[in-house]
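What follows is a single structure, written as structure tokens, with notes after it.
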Amino acid sequence: MPKPRREKQNHLIYADVVDSKSKAGVWMGERASFRDKQARILEALKDRTDWVNLEGAVMVISAEPAGLTVIAPNPTLPGVIVLSDGGSPAASARLQADAEDKVRAVMAELGSPKRKRRPDPMATPQLLWGKYFQYDRDGEAVLLDPITLESVLLDSGEVSDLAGVSPTATHLALAGLGFTQDGPADDRREALHHRLHTLGIDPTPRRISGLRVVLTDRCNMACTYCFVDTNTGKPDMTEQELAAGLEFLFEQNAGQEEVSIQWFGGEPTIRFDLMQYGDELADTLAARYGVERVRRTVVTNGARLTDEALDHFVQREYGVGISIDGPPGINSANRLLLGGQPADDRIRRNVRRLVEAKGLHVGCNLTPTASNIGRLAESVQWIIDDLGLKFIYVNTPIPTGGKWRVNGAELARELYEARLTALGKGGMLFSVLDRAFQALDTRRPMLFDHMQGDRSLNAALLPGDRVSVCDINFTEPSFLHTLDELRADPALLTSATKKVAPIPACGDCPALAICGGPSRNEQALIGGNTPDPQMCAFYTSTLAVAVWDNTGVQ
Ligand code: SF4
Ligand code: SF4
């Protein structure tokens, strides 16, 4: 059926066609001879900007997803700029990533030297006696049992001795520490299941103890990697839906010490009225259901903060997480206001107000991207020194457009350096690396990152009377349930629970007990069981870093 012609609001024809949210028009306010004037304006702009003639650039037109990509020579640096617009952050990110891949491939074919990577001190570990992993470095080695997470450091003499005919002194010493050559190498996937059972680690969630409350999908920013479909025009959460969700949360946690409520969006402060309403109601419900404490947090982009909201956060002792990826040049590579302008100045001002307010716990949520990997320690230093934020949470990457967009091994190394930088400045950096450290310290597998130690779950309350049992995916149908469905069938809480080591490759993986296989969300986002190689590189490299730090530096 023919579609009616679209009504065009202004003259940014392409931007209108793809519903681009980052278009901006600057109008002259006159129609007479405007073409001459346009040309003069552009000529004058050349004196004030670094520019290239578009004749020297390539404009790529894509149908799936619909959009345009401009690939242009960088006028000031030895590189190529890739700028994509697909009308939504997700589509733009896909276009940009595809174009980046092509540019890199062409550069490689033409023999451009690649960006120098630091040498990897953690070469792939070797399997020893069919059951342990041996990590070699500078003549020394660490042996790791991937199931029990016991590890031992060997000096260079012991490494040579181990290569001799058994039994050497090192073989005997290792046997005394439980590292034996005998016994068949078990199926490690089975062995992990057995270990989980022995330790009483049960992945079945018992209840929801925290709600990430998605008040609205409206947002004043348009970040390239946002996992939320923002500004769709769908209705915000209603007071009735919020009240029903909070009632469910407190009813599930009657008599418990604590529940947590995290205001989320879009940009949740756009519906500050709902936050106030929800906070009042939470107090009433806590008293009614005998819940001792309500932990309140908000995840905000920091680009808007009213005095009223700031006072409210202070009164309720909020934890405030501000999403920032690094200094302005890095942050604005992926995080711009809806109109396409950077928000860094106003974010910095608002962070200062938050930090100066007494009684608030303010932290930074940092997303690793192609822009800050390679400069993570520098970004962390800036966040601590310039913004005054001491707590930095590094989000674990998730696939965008079906695959990981960051180099997993490089990210693992960078996290370690950034962690040391943070510690050296009196700050704290939290990431998957801590999970690996904790697993090695306690000798307990750490596979179920979505669940608390008491087997309770953080879920997302969404507009439209729905709950997602995965709090970072609001659209996967198998994760979505109504409150009534969850009340009637608590087994639905397991809808996003990881199936441990779902593929044979996990059995050969040293990181089995800190990764445990791709999560259901990971599988949903890549569209299959096979994990993204960059995800595996991230977990195996993270483990290698942690093994050396945990065992080698004791
Ligand atoms: S500020 Fe948050 S919700 Fe808004 S576009 Fe960026 S990542 Fe998405
Ligand atoms: S890192 Fe990859 S291979 Fe290893 S356990 Fe995880 S998903 Fe399996």
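Labels for the structure tokens follow display order: chains A, B, ..., residues from 1 in each chain, ligands from 1.
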Handout entry: All helix (DSSP H, G or I) positions in range 144-213 of chain A, as a ChimeraX atom specification
Key = /A:156-162,169-176,188-198
Could you save the residues just selected, with C-alpha atoms, as a PDB file, in the first residue's frame?
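Dumped everything to out.pdb:
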ATOM      1  CA  SER A 156      62.325 -20.039  37.582  1.00  0.00           C
ATOM      2  CA  GLY A 157      64.248 -22.910  39.210  1.00  0.00           C
ATOM      3  CA  GLU A 158      61.001 -24.694  40.036  1.00  0.00           C
ATOM      4  CA  VAL A 159      59.699 -24.153  36.513  1.00  0.00           C
ATOM      5  CA  SER A 160      62.824 -25.903  35.134  1.00  0.00           C
ATOM      6  CA  ASP A 161      62.546 -28.616  37.754  1.00  0.00           C
ATOM      7  CA  LEU A 162      58.919 -29.231  36.818  1.00  0.00           C
ATOM      8  CA  ALA A 169      61.462 -31.956  44.297  1.00  0.00           C
ATOM      9  CA  THR A 170      58.976 -29.604  42.641  1.00  0.00           C
ATOM     10  CA  HIS A 171      56.614 -32.467  41.709  1.00  0.00           C
ATOM     11  CA  LEU A 172      56.698 -33.648  45.304  1.00  0.00           C
ATOM     12  CA  ALA A 173      56.188 -30.158  46.711  1.00  0.00           C
ATOM     13  CA  LEU A 174      53.254 -29.584  44.377  1.00  0.00           C
ATOM     14  CA  ALA A 175      51.702 -32.908  45.396  1.00  0.00           C
ATOM     15  CA  GLY A 176      51.934 -31.741  49.002  1.00  0.00           C
ATOM     16  CA  ARG A 188      35.668 -29.727  33.700  1.00  0.00           C
ATOM     17  CA  ARG A 189      32.103 -28.633  33.010  1.00  0.00           C
ATOM     18  CA  GLU A 190      30.871 -31.540  35.133  1.00  0.00           C
ATOM     19  CA  ALA A 191      33.515 -30.788  37.738  1.00  0.00           C
ATOM     20  CA  LEU A 192      32.313 -27.195  38.009  1.00  0.00           C
ATOM     21  CA  HIS A 193      28.706 -28.305  38.476  1.00  0.00           C
ATOM     22  CA  HIS A 194      29.890 -30.658  41.202  1.00  0.00           C
ATOM     23  CA  ARG A 195      31.916 -27.894  42.843  1.00  0.00           C
ATOM     24  CA  LEU A 196      28.925 -25.532  42.830  1.00  0.00           C
ATOM     25  CA  HIS A 197      26.813 -28.242  44.417  1.00  0.00           C
ATOM     26  CA  THR A 198      29.455 -28.989  47.083  1.00  0.00           C
TER      27      THR A 198
END
Exercise for the section: Find the residues around range 501-512 of chain A up to 10 Å (only C-alpha atoms counted), leave out those fewer than 4 positions away in its own chain, and share them as a ChimeraX atom specification. Expected result: /A:124-127,130-134,144-147,149,186-193,436,445-447,516-519,529-531,536-544
Exercise for the section: Show which residues sit within 10 Å of Lys358 in chain A, as a PyMOL selection string. Count only C-alpha atoms, and ignore same-chain residues fewer than 5 positions away. Expected result: chain A and resi 314-315+317+353
Would you put the residues from that selection into a file with N, CA, C and O atoms, as a CSV table (one decimal), in the first residue's frame?
chain,number,residue,atom,x,y,z
A,314,VAL,N,19.8,14.8,48.9
A,314,VAL,CA,20.5,14.9,50.2
A,314,VAL,C,19.6,14.4,51.3
A,314,VAL,O,20.1,13.6,52.1
A,315,GLN,N,18.4,14.8,51.3
A,315,GLN,CA,17.5,14.4,52.4
A,315,GLN,C,17.3,12.9,52.5
A,315,GLN,O,17.3,12.3,53.6
A,317,GLU,N,19.5,10.7,51.4
A,317,GLU,CA,20.8,10.1,51.4
A,317,GLU,C,21.0,9.2,50.2
A,317,GLU,O,21.3,8.0,50.3
A,353,ARG,N,28.3,20.4,42.2
A,353,ARG,CA,27.3,20.6,43.2
A,353,ARG,C,27.0,19.4,44.0
A,353,ARG,O,26.7,19.4,45.2
Handout entry: Among listed residues A:Val213, A:Ala286, A:Ala333, A:Leu177, nearest Ile81 in chain A (using only C-alpha atoms)
Key = A:Ala333
Surroundings of ligand 1 up to 9 Å, based on only C-alpha atoms and all ligand atoms, as an mmCIF file with N, CA, C and O atoms, in the first residue's frame:
data_model
loop_
_atom_site.group_PDB
_atom_site.id
_atom_site.type_symbol
_atom_site.label_atom_id
_atom_site.label_comp_id
_atom_site.auth_asym_id
_atom_site.auth_seq_id
_atom_site.Cartn_x
_atom_site.Cartn_y
_atom_site.Cartn_z
ATOM 1 N N PRO A 89 20.390 5.943 18.289
ATOM 2 C CA PRO A 89 21.740 5.638 18.766
ATOM 3 C C PRO A 89 22.186 4.239 18.358
ATOM 4 O O PRO A 89 23.321 4.034 17.941
ATOM 5 N N ASP A 217 11.347 6.672 29.019
ATOM 6 C CA ASP A 217 12.433 6.453 28.052
ATOM 7 C C ASP A 217 12.910 7.785 27.477
ATOM 8 O O ASP A 217 13.761 7.826 26.599
ATOM 9 N N ARG A 218 12.357 8.875 28.009
ATOM 10 C CA ARG A 218 12.805 10.180 27.514
ATOM 11 C C ARG A 218 14.203 10.489 28.050
ATOM 12 O O ARG A 218 14.515 10.181 29.196
ATOM 13 N N CYS A 219 15.023 11.072 27.212
ATOM 14 C CA CYS A 219 16.371 11.422 27.649
ATOM 15 C C CYS A 219 16.811 12.680 26.916
ATOM 16 O O CYS A 219 16.447 12.888 25.757
ATOM 17 N N ASN A 220 17.589 13.499 27.608
ATOM 18 C CA ASN A 220 18.107 14.725 26.999
ATOM 19 C C ASN A 220 19.430 14.483 26.282
ATOM 20 O O ASN A 220 20.044 15.400 25.776
ATOM 21 N N MET A 221 19.889 13.221 26.294
ATOM 22 C CA MET A 221 21.121 12.905 25.573
ATOM 23 C C MET A 221 20.850 11.796 24.555
ATOM 24 O O MET A 221 19.795 11.157 24.579
ATOM 25 N N ALA A 222 21.804 11.587 23.675
ATOM 26 C CA ALA A 222 21.674 10.535 22.658
ATOM 27 C C ALA A 222 23.027 9.837 22.549
ATOM 28 O O ALA A 222 23.826 10.159 21.681
ATOM 29 N N CYS A 223 23.282 8.906 23.474
ATOM 30 C CA CYS A 223 24.587 8.240 23.499
ATOM 31 C C CYS A 223 24.590 7.106 22.474
ATOM 32 O O CYS A 223 23.589 6.414 22.303
ATOM 33 N N THR A 224 25.730 6.910 21.850
ATOM 34 C CA THR A 224 25.773 5.960 20.729
ATOM 35 C C THR A 224 25.521 4.532 21.178
ATOM 36 O O THR A 224 25.015 3.727 20.419
ATOM 37 N N TYR A 225 25.890 4.208 22.429
ATOM 38 C CA TYR A 225 25.829 2.802 22.836
ATOM 39 C C TYR A 225 24.660 2.502 23.766
ATOM 40 O O TYR A 225 24.597 1.444 24.362
ATOM 41 N N CYS A 226 23.732 3.439 23.916
ATOM 42 C CA CYS A 226 22.654 3.286 24.897
ATOM 43 C C CYS A 226 21.895 1.977 24.657
ATOM 44 O O CYS A 226 21.523 1.673 23.530
ATOM 45 N N PHE A 227 21.681 1.204 25.723
ATOM 46 C CA PHE A 227 20.950 -0.051 25.532
ATOM 47 C C PHE A 227 19.443 0.143 25.688
ATOM 48 O O PHE A 227 18.670 -0.794 25.540
ATOM 49 N N VAL A 228 19.034 1.386 25.973
ATOM 50 C CA VAL A 228 17.604 1.689 26.093
ATOM 51 C C VAL A 228 17.148 2.338 24.783
ATOM 52 O O VAL A 228 17.872 3.141 24.206
ATOM 53 N N ASP A 229 15.954 1.976 24.310
ATOM 54 C CA ASP A 229 15.383 2.707 23.173
ATOM 55 C C ASP A 229 14.821 4.004 23.728
ATOM 56 O O ASP A 229 13.769 3.990 24.360
ATOM 57 N N THR A 230 15.531 5.110 23.519
ATOM 58 C CA THR A 230 15.100 6.358 24.152
ATOM 59 C C THR A 230 14.220 7.188 23.222
ATOM 60 O O THR A 230 14.276 7.050 22.002
ATOM 61 N N ASN A 231 13.431 8.046 23.851
ATOM 62 C CA ASN A 231 12.595 9.019 23.139
ATOM 63 C C ASN A 231 11.744 8.384 22.040
ATOM 64 O O ASN A 231 11.681 8.878 20.915
ATOM 65 N N PHE A 264 15.795 5.103 37.212
ATOM 66 C CA PHE A 264 16.508 4.865 35.954
ATOM 67 C C PHE A 264 15.644 5.367 34.808
ATOM 68 O O PHE A 264 14.459 5.606 34.950
ATOM 69 N N GLY A 265 16.219 5.502 33.642
ATOM 70 C CA GLY A 265 15.456 5.948 32.476
ATOM 71 C C GLY A 265 15.931 5.235 31.230
ATOM 72 O O GLY A 265 16.384 4.094 31.303
ATOM 73 N N GLY A 266 16.004 5.979 30.111
ATOM 74 C CA GLY A 266 16.043 7.415 29.894
ATOM 75 C C GLY A 266 16.773 8.170 30.995
ATOM 76 O O GLY A 266 17.629 7.637 31.664
ATOM 77 N N GLU A 267 16.428 9.427 31.103
ATOM 78 C CA GLU A 267 16.984 10.253 32.169
ATOM 79 C C GLU A 267 15.900 10.381 33.241
ATOM 80 O O GLU A 267 14.878 11.053 33.031
ATOM 81 N N PRO A 268 16.094 9.716 34.391
ATOM 82 C CA PRO A 268 15.002 9.639 35.366
ATOM 83 C C PRO A 268 14.605 10.978 35.956
ATOM 84 O O PRO A 268 13.451 11.165 36.344
ATOM 85 N N VAL A 299 20.532 6.762 38.644
ATOM 86 C CA VAL A 299 21.543 6.769 37.576
ATOM 87 C C VAL A 299 21.172 7.910 36.635
ATOM 88 O O VAL A 299 20.102 7.902 36.027
ATOM 89 N N THR A 300 22.043 8.902 36.561
ATOM 90 C CA THR A 300 21.722 10.099 35.781
ATOM 91 C C THR A 300 22.897 10.468 34.892
ATOM 92 O O THR A 300 24.039 10.119 35.190
ATOM 93 N N ASN A 301 22.584 11.175 33.805
ATOM 94 C CA ASN A 301 23.685 11.630 32.953
ATOM 95 C C ASN A 301 24.301 12.924 33.482
ATOM 96 O O ASN A 301 25.291 13.405 32.936
ATOM 97 N N GLY A 302 23.716 13.509 34.510
ATOM 98 C CA GLY A 302 24.306 14.688 35.150
ATOM 99 C C GLY A 302 24.120 15.977 34.366
ATOM 100 O O GLY A 302 24.591 17.030 34.778
ATOM 101 N N ALA A 303 23.423 15.905 33.242
ATOM 102 C CA ALA A 303 23.299 17.105 32.409
ATOM 103 C C ALA A 303 22.138 17.993 32.849
ATOM 104 O O ALA A 303 21.960 19.081 32.319
ATOM 105 N N SER A 323 26.870 8.977 34.728
ATOM 106 C CA SER A 323 27.504 8.273 33.609
ATOM 107 C C SER A 323 28.474 9.208 32.895
ATOM 108 O O SER A 323 28.056 10.189 32.281
ATOM 109 N N ASN A 334 30.984 9.733 22.416
ATOM 110 C CA ASN A 334 29.795 8.876 22.379
ATOM 111 C C ASN A 334 28.610 9.439 23.130
ATOM 112 O O ASN A 334 27.520 8.892 23.053
ATOM 113 N N ARG A 335 28.844 10.496 23.919
ATOM 114 C CA ARG A 335 27.774 11.005 24.775
ATOM 115 C C ARG A 335 27.540 12.477 24.464
ATOM 116 O O ARG A 335 28.285 13.340 24.922
ATOM 117 N N LEU A 336 26.516 12.744 23.658
ATOM 118 C CA LEU A 336 26.184 14.119 23.293
ATOM 119 C C LEU A 336 24.735 14.404 23.659
ATOM 120 O O LEU A 336 23.920 13.479 23.773
ATOM 121 N N LEU A 337 24.441 15.688 23.809
ATOM 122 C CA LEU A 337 23.053 16.082 24.032
ATOM 123 C C LEU A 337 22.232 15.770 22.784
ATOM 124 O O LEU A 337 22.791 15.576 21.688
ATOM 125 N N LEU A 338 20.915 15.768 22.946
ATOM 126 C CA LEU A 338 20.042 15.448 21.816
ATOM 127 C C LEU A 338 20.319 16.315 20.595
ATOM 128 O O LEU A 338 20.241 15.852 19.468
#
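Atom pair CA of Leu433 in chain A / CA of Leu457 in chain A has a distance of 21.4 Å (rounded to one decimal).
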